[in-house]
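Text of my_file12.txt, listed as compact mmCIF, N, CA and C atoms:
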```
# COMPACT_ATOMS: atom_id res chain seq x y z
N ALA A 1 0.84 -1.19 0.00
CA ALA A 1 0.00 0.00 0.00
C ALA A 1 0.87 1.24 0.00
N SER A 2 0.34 2.31 -0.53
CA SER A 2 1.10 3.56 -0.54
C SER A 2 0.18 4.72 -0.16
N LEU A 3 0.79 5.75 0.40
CA LEU A 3 0.08 6.95 0.82
C LEU A 3 0.94 8.15 0.50
N ALA A 4 0.35 9.15 -0.15
CA ALA A 4 1.05 10.39 -0.45
C ALA A 4 0.38 11.52 0.32
N LEU A 5 1.14 12.22 1.13
CA LEU A 5 0.59 13.33 1.90
C LEU A 5 0.27 14.51 0.99
N ALA A 6 -0.85 15.18 1.26
CA ALA A 6 -1.24 16.37 0.51
C ALA A 6 -1.16 17.62 1.40
N GLY A 7 -0.61 17.44 2.59
CA GLY A 7 -0.44 18.52 3.56
C GLY A 7 0.16 17.94 4.82
N ASP A 8 0.50 18.78 5.78
CA ASP A 8 1.02 18.29 7.06
C ASP A 8 -0.03 17.41 7.72
N GLN A 9 0.38 16.29 8.32
CA GLN A 9 -0.55 15.33 8.90
C GLN A 9 -0.11 14.92 10.29
N VAL A 10 -1.08 14.51 11.12
CA VAL A 10 -0.83 13.95 12.44
C VAL A 10 -1.50 12.59 12.49
N PHE A 11 -0.70 11.54 12.71
CA PHE A 11 -1.20 10.18 12.89
C PHE A 11 -0.86 9.76 14.31
N GLY A 12 -1.81 9.21 15.04
CA GLY A 12 -1.51 8.69 16.37
C GLY A 12 -0.50 7.56 16.30
N LEU A 13 -0.68 6.67 15.30
CA LEU A 13 0.21 5.53 15.08
C LEU A 13 0.48 5.36 13.60
N LEU A 14 1.67 4.92 13.26
CA LEU A 14 2.02 4.49 11.91
C LEU A 14 2.70 3.14 12.07
N SER A 15 2.09 2.09 11.53
CA SER A 15 2.68 0.77 11.67
C SER A 15 2.46 -0.03 10.40
N GLY A 16 3.20 -1.13 10.29
CA GLY A 16 3.09 -1.99 9.12
C GLY A 16 4.17 -1.68 8.11
N ALA A 17 3.83 -1.90 6.83
CA ALA A 17 4.78 -1.71 5.74
C ALA A 17 4.12 -0.83 4.68
N GLY A 18 4.78 -0.70 3.54
CA GLY A 18 4.25 0.10 2.45
C GLY A 18 5.15 1.28 2.16
N GLU A 19 4.58 2.23 1.43
CA GLU A 19 5.34 3.42 1.04
C GLU A 19 4.58 4.67 1.48
N LEU A 20 5.28 5.56 2.15
CA LEU A 20 4.72 6.83 2.58
C LEU A 20 5.51 7.95 1.91
N ALA A 21 4.86 8.68 1.01
CA ALA A 21 5.50 9.79 0.31
C ALA A 21 5.13 11.08 1.02
N LEU A 22 6.11 11.66 1.70
CA LEU A 22 5.87 12.91 2.43
C LEU A 22 5.69 14.09 1.50
N GLY A 23 6.29 14.03 0.32
CA GLY A 23 6.36 15.22 -0.51
C GLY A 23 7.17 16.26 0.24
N ARG A 24 6.65 17.47 0.35
CA ARG A 24 7.33 18.54 1.09
C ARG A 24 6.69 18.77 2.45
N PHE A 25 5.85 17.85 2.88
CA PHE A 25 5.07 18.02 4.10
C PHE A 25 5.68 17.30 5.30
N THR A 26 5.12 17.56 6.49
CA THR A 26 5.62 16.98 7.73
C THR A 26 4.59 16.02 8.31
N LEU A 27 5.06 14.86 8.73
CA LEU A 27 4.22 13.88 9.41
C LEU A 27 4.61 13.85 10.88
N SER A 28 3.62 14.00 11.74
CA SER A 28 3.80 13.85 13.19
C SER A 28 3.13 12.55 13.58
N THR A 29 3.90 11.61 14.14
CA THR A 29 3.33 10.30 14.47
C THR A 29 4.05 9.68 15.65
N GLY A 30 3.33 8.81 16.38
CA GLY A 30 3.93 8.08 17.47
C GLY A 30 3.39 8.43 18.83
N ALA A 31 2.44 9.36 18.92
CA ALA A 31 1.90 9.74 20.23
C ALA A 31 0.86 8.75 20.74
N GLY A 32 0.37 7.87 19.86
CA GLY A 32 -0.70 6.96 20.24
C GLY A 32 -0.26 5.65 20.85
N GLY A 33 1.03 5.48 21.07
CA GLY A 33 1.55 4.24 21.64
C GLY A 33 2.72 3.73 20.83
N ASP A 34 3.28 2.61 21.24
CA ASP A 34 4.43 2.02 20.55
C ASP A 34 4.00 1.48 19.18
N SER A 35 4.85 1.69 18.16
CA SER A 35 4.57 1.16 16.83
C SER A 35 5.87 1.02 16.06
N THR A 36 5.80 0.17 15.00
CA THR A 36 6.95 -0.06 14.12
C THR A 36 6.48 0.08 12.68
N PHE A 37 7.24 0.84 11.89
CA PHE A 37 6.97 0.98 10.46
C PHE A 37 8.16 0.43 9.70
N SER A 38 7.92 -0.60 8.88
CA SER A 38 9.01 -1.25 8.14
C SER A 38 9.05 -0.83 6.68
N GLY A 39 8.19 0.08 6.29
CA GLY A 39 8.15 0.53 4.91
C GLY A 39 9.14 1.65 4.63
N VAL A 40 8.93 2.30 3.49
CA VAL A 40 9.81 3.37 3.02
C VAL A 40 9.10 4.71 3.19
N ILE A 41 9.80 5.67 3.79
CA ILE A 41 9.33 7.04 3.85
C ILE A 41 10.22 7.85 2.91
N SER A 42 9.60 8.54 1.95
CA SER A 42 10.37 9.29 0.96
C SER A 42 9.89 10.72 0.88
N GLY A 43 10.65 11.56 0.18
CA GLY A 43 10.29 12.95 -0.03
C GLY A 43 11.21 13.91 0.68
N SER A 44 10.91 15.20 0.52
CA SER A 44 11.73 16.24 1.15
C SER A 44 11.13 16.73 2.45
N GLY A 45 10.01 16.18 2.85
CA GLY A 45 9.35 16.57 4.09
C GLY A 45 10.05 16.00 5.31
N GLY A 46 9.44 16.24 6.48
CA GLY A 46 10.05 15.84 7.73
C GLY A 46 9.17 14.94 8.58
N LEU A 47 9.74 14.50 9.69
CA LEU A 47 9.08 13.59 10.61
C LEU A 47 9.23 14.13 12.03
N VAL A 48 8.12 14.17 12.78
CA VAL A 48 8.13 14.59 14.17
C VAL A 48 7.60 13.45 15.01
N LYS A 49 8.31 13.10 16.08
CA LYS A 49 7.91 12.04 17.02
C LYS A 49 7.48 12.70 18.33
N PRO A 50 6.14 12.81 18.58
CA PRO A 50 5.64 13.28 19.87
C PRO A 50 5.31 12.09 20.78
N GLY A 51 4.78 12.35 21.95
CA GLY A 51 4.32 11.26 22.82
C GLY A 51 5.39 10.77 23.75
N SER A 52 5.42 11.28 24.97
CA SER A 52 6.54 11.05 25.87
C SER A 52 6.71 9.61 26.32
N ALA A 53 5.66 8.82 26.33
CA ALA A 53 5.78 7.46 26.85
C ALA A 53 5.83 6.40 25.75
N SER A 54 5.96 6.81 24.50
CA SER A 54 5.89 5.84 23.40
C SER A 54 7.21 5.72 22.65
N VAL A 55 7.33 4.57 21.94
CA VAL A 55 8.51 4.28 21.11
C VAL A 55 8.02 4.09 19.68
N PHE A 56 8.59 4.84 18.74
CA PHE A 56 8.31 4.69 17.32
C PHE A 56 9.57 4.15 16.68
N THR A 57 9.45 2.99 16.01
CA THR A 57 10.60 2.32 15.41
C THR A 57 10.48 2.32 13.90
N LEU A 58 11.57 2.74 13.23
CA LEU A 58 11.66 2.69 11.77
C LEU A 58 12.66 1.60 11.39
N THR A 59 12.22 0.59 10.65
CA THR A 59 13.13 -0.48 10.25
C THR A 59 13.33 -0.57 8.74
N GLY A 60 12.61 0.23 7.97
CA GLY A 60 12.74 0.21 6.52
C GLY A 60 13.86 1.10 6.04
N THR A 61 14.08 1.09 4.73
CA THR A 61 15.11 1.92 4.11
C THR A 61 14.46 3.21 3.64
N SER A 62 14.30 4.14 4.56
CA SER A 62 13.66 5.41 4.24
C SER A 62 14.65 6.35 3.58
N THR A 63 14.13 7.18 2.67
CA THR A 63 14.98 8.07 1.89
C THR A 63 14.59 9.53 2.03
N TYR A 64 13.70 9.85 2.96
CA TYR A 64 13.29 11.26 3.08
C TYR A 64 14.47 12.11 3.52
N THR A 65 14.44 13.38 3.12
CA THR A 65 15.59 14.25 3.35
C THR A 65 15.28 15.43 4.26
N GLY A 66 14.07 15.51 4.77
CA GLY A 66 13.69 16.60 5.66
C GLY A 66 14.20 16.38 7.07
N LEU A 67 13.84 17.30 7.94
CA LEU A 67 14.27 17.23 9.34
C LEU A 67 13.53 16.15 10.10
N THR A 68 14.19 15.58 11.08
CA THR A 68 13.59 14.62 12.00
C THR A 68 13.68 15.22 13.40
N GLN A 69 12.53 15.34 14.06
CA GLN A 69 12.49 15.93 15.39
C GLN A 69 11.88 14.94 16.36
N VAL A 70 12.60 14.65 17.44
CA VAL A 70 12.06 13.84 18.52
C VAL A 70 11.61 14.82 19.59
N ALA A 71 10.30 15.15 19.56
CA ALA A 71 9.75 16.12 20.50
C ALA A 71 9.54 15.49 21.87
N ALA A 72 9.29 14.18 21.90
CA ALA A 72 9.08 13.46 23.15
C ALA A 72 9.15 11.97 22.85
N GLY A 73 9.41 11.17 23.86
CA GLY A 73 9.47 9.72 23.69
C GLY A 73 10.76 9.28 23.03
N THR A 74 10.68 8.13 22.33
CA THR A 74 11.86 7.51 21.74
C THR A 74 11.62 7.22 20.26
N LEU A 75 12.59 7.55 19.42
CA LEU A 75 12.61 7.16 18.02
C LEU A 75 13.72 6.15 17.87
N ARG A 76 13.37 4.94 17.52
CA ARG A 76 14.34 3.86 17.37
C ARG A 76 14.53 3.60 15.88
N LEU A 77 15.79 3.48 15.46
CA LEU A 77 16.11 3.23 14.06
C LEU A 77 16.74 1.86 13.91
N GLY A 78 16.28 1.08 12.95
CA GLY A 78 16.86 -0.21 12.67
C GLY A 78 16.16 -1.34 13.39
N ALA A 79 16.53 -2.55 13.02
CA ALA A 79 15.90 -3.76 13.54
C ALA A 79 16.80 -4.41 14.58
N GLY A 80 16.97 -3.76 15.70
CA GLY A 80 17.73 -4.36 16.79
C GLY A 80 19.21 -4.50 16.53
N GLY A 81 19.80 -3.54 15.84
CA GLY A 81 21.24 -3.56 15.62
C GLY A 81 21.70 -4.49 14.52
N THR A 82 20.81 -4.83 13.57
CA THR A 82 21.19 -5.75 12.50
C THR A 82 21.76 -5.05 11.29
N GLY A 83 21.96 -3.75 11.38
CA GLY A 83 22.56 -3.01 10.27
C GLY A 83 21.78 -1.77 9.95
N GLY A 84 22.29 -0.99 8.99
CA GLY A 84 21.63 0.23 8.59
C GLY A 84 22.56 1.41 8.73
N SER A 85 22.06 2.57 8.34
CA SER A 85 22.86 3.77 8.45
C SER A 85 21.95 4.98 8.66
N VAL A 86 22.53 6.02 9.22
CA VAL A 86 21.84 7.27 9.45
C VAL A 86 22.73 8.37 8.93
N TRP A 87 22.17 9.23 8.11
CA TRP A 87 22.92 10.39 7.58
C TRP A 87 22.46 11.60 8.35
N MET A 88 23.40 12.34 8.93
CA MET A 88 23.05 13.52 9.71
C MET A 88 23.79 14.72 9.17
N ARG A 89 23.11 15.84 9.23
CA ARG A 89 23.78 17.09 8.81
C ARG A 89 23.62 18.13 9.86
```
Would you give me this structure, written as C-alpha cells?
Amino acid sequence: ASLALAGDQVFGLLSGAGELALGRFTLSTGAGGDSTFSGVISGSGGLVKPGSASVFTLTGTSTYTGLTQVAAGTLRLGAGGTGGSVWMR
C-alpha cells in the first residue's frame, strides 16, 4: 500500500509496511503508543515524534531528506542492531 501526503498530517500511530510519500510536508506520528513501520518514507518533508511514553521504530530503508524531530518519547532506528545507516547534517 502507498500513501502520499497532501499537507502536514498527524497520525496517532504508523505501523506496518508500504510506502509513505511525504512530498514537502511533515508527518507527526507516534503519540498513540508504541509502533513499528518497516516501509519506506520518501520525499523532502520531515518527521516529528511526539508522545513522551511511546517508542516509534523505523526499520525500513527510508529516503526522506527533511528534518527529524524527537519532540518526546523515543525514536528507534533499525531492527535491533542488525545493520543500517543514518545520515546527519
For A:Leu58, the nearest of the candidates A:Gly73, A:Gly32, A:Gly7, A:Gly16, counting only C-alpha atoms: A:Gly16
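We find atom N of A:Leu5 and atom CA of A:Ala79 to be spaced 25.0 Å apart.
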Neighbours of stretch 61-65 of chain A within 6 Å (only C-alpha atoms; same-chain residues fewer than 2 positions away dropped), as a CSV table (one decimal) with N, CA and C atoms, keeping the file's coordinate frame?
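Result saved to result.csv:
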```csv
chain,number,residue,atom,x,y,z
A,40,VAL,N,8.9,2.3,3.5
A,40,VAL,CA,9.8,3.4,3.0
A,40,VAL,C,9.1,4.7,3.2
A,41,ILE,N,9.8,5.7,3.8
A,41,ILE,CA,9.3,7.0,3.8
A,41,ILE,C,10.2,7.8,2.9
A,42,SER,N,9.6,8.5,2.0
A,42,SER,CA,10.4,9.3,1.0
A,42,SER,C,9.9,10.7,0.9
A,43,GLY,N,10.6,11.6,0.2
A,43,GLY,CA,10.3,13.0,0.0
A,43,GLY,C,11.2,13.9,0.7
A,44,SER,N,10.9,15.2,0.5
A,44,SER,CA,11.7,16.2,1.2
A,44,SER,C,11.1,16.7,2.4
```
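Nearest residue to A:Gly39 among A:Gly12, A:Gly60, A:Gly78, A:Gly66 is A:Gly60, counting all atoms listed in the file.
Rounded to one decimal, atom CA of A:Gly23 and atom CA of A:Lys49 lie 17.9 Å from each other.
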Enumerate, as JSON, numbers by chain, the protein, DNA and RNA residues whose atoms approach (4.4, 7.4, -2.8) to within 6 Å, taking into account only C-alpha atoms and the coordinate frame of the file. {"A": [2, 3, 4, 19, 20, 21]}
Separating atom CA of A:Thr57 from atom CA of A:Val70, to the nearest tenth of an Å, is a gap of 12.0 Å
Name all residues at most 8 Å from A:Leu13 (count all atoms listed in the file; drop same-chain ones fewer than 5 positions away) and give them as an NGL selection string. :A and (28-36)
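Using all atoms listed in the file, the shortest contact distance between A:Phe56 and any of A:Gln69, A:Ser15, A:Ser38, A:Thr74 is found at A:Thr74.
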Every residue of stretch 2-53 of chain A that DSSP places in strand (DSSP E), as JSON, numbers by chain: {"A": [2, 3, 4, 9, 10, 11, 19, 20, 21, 26, 27, 28, 29, 35, 36, 37, 40, 41, 42, 46, 47, 48, 49]}
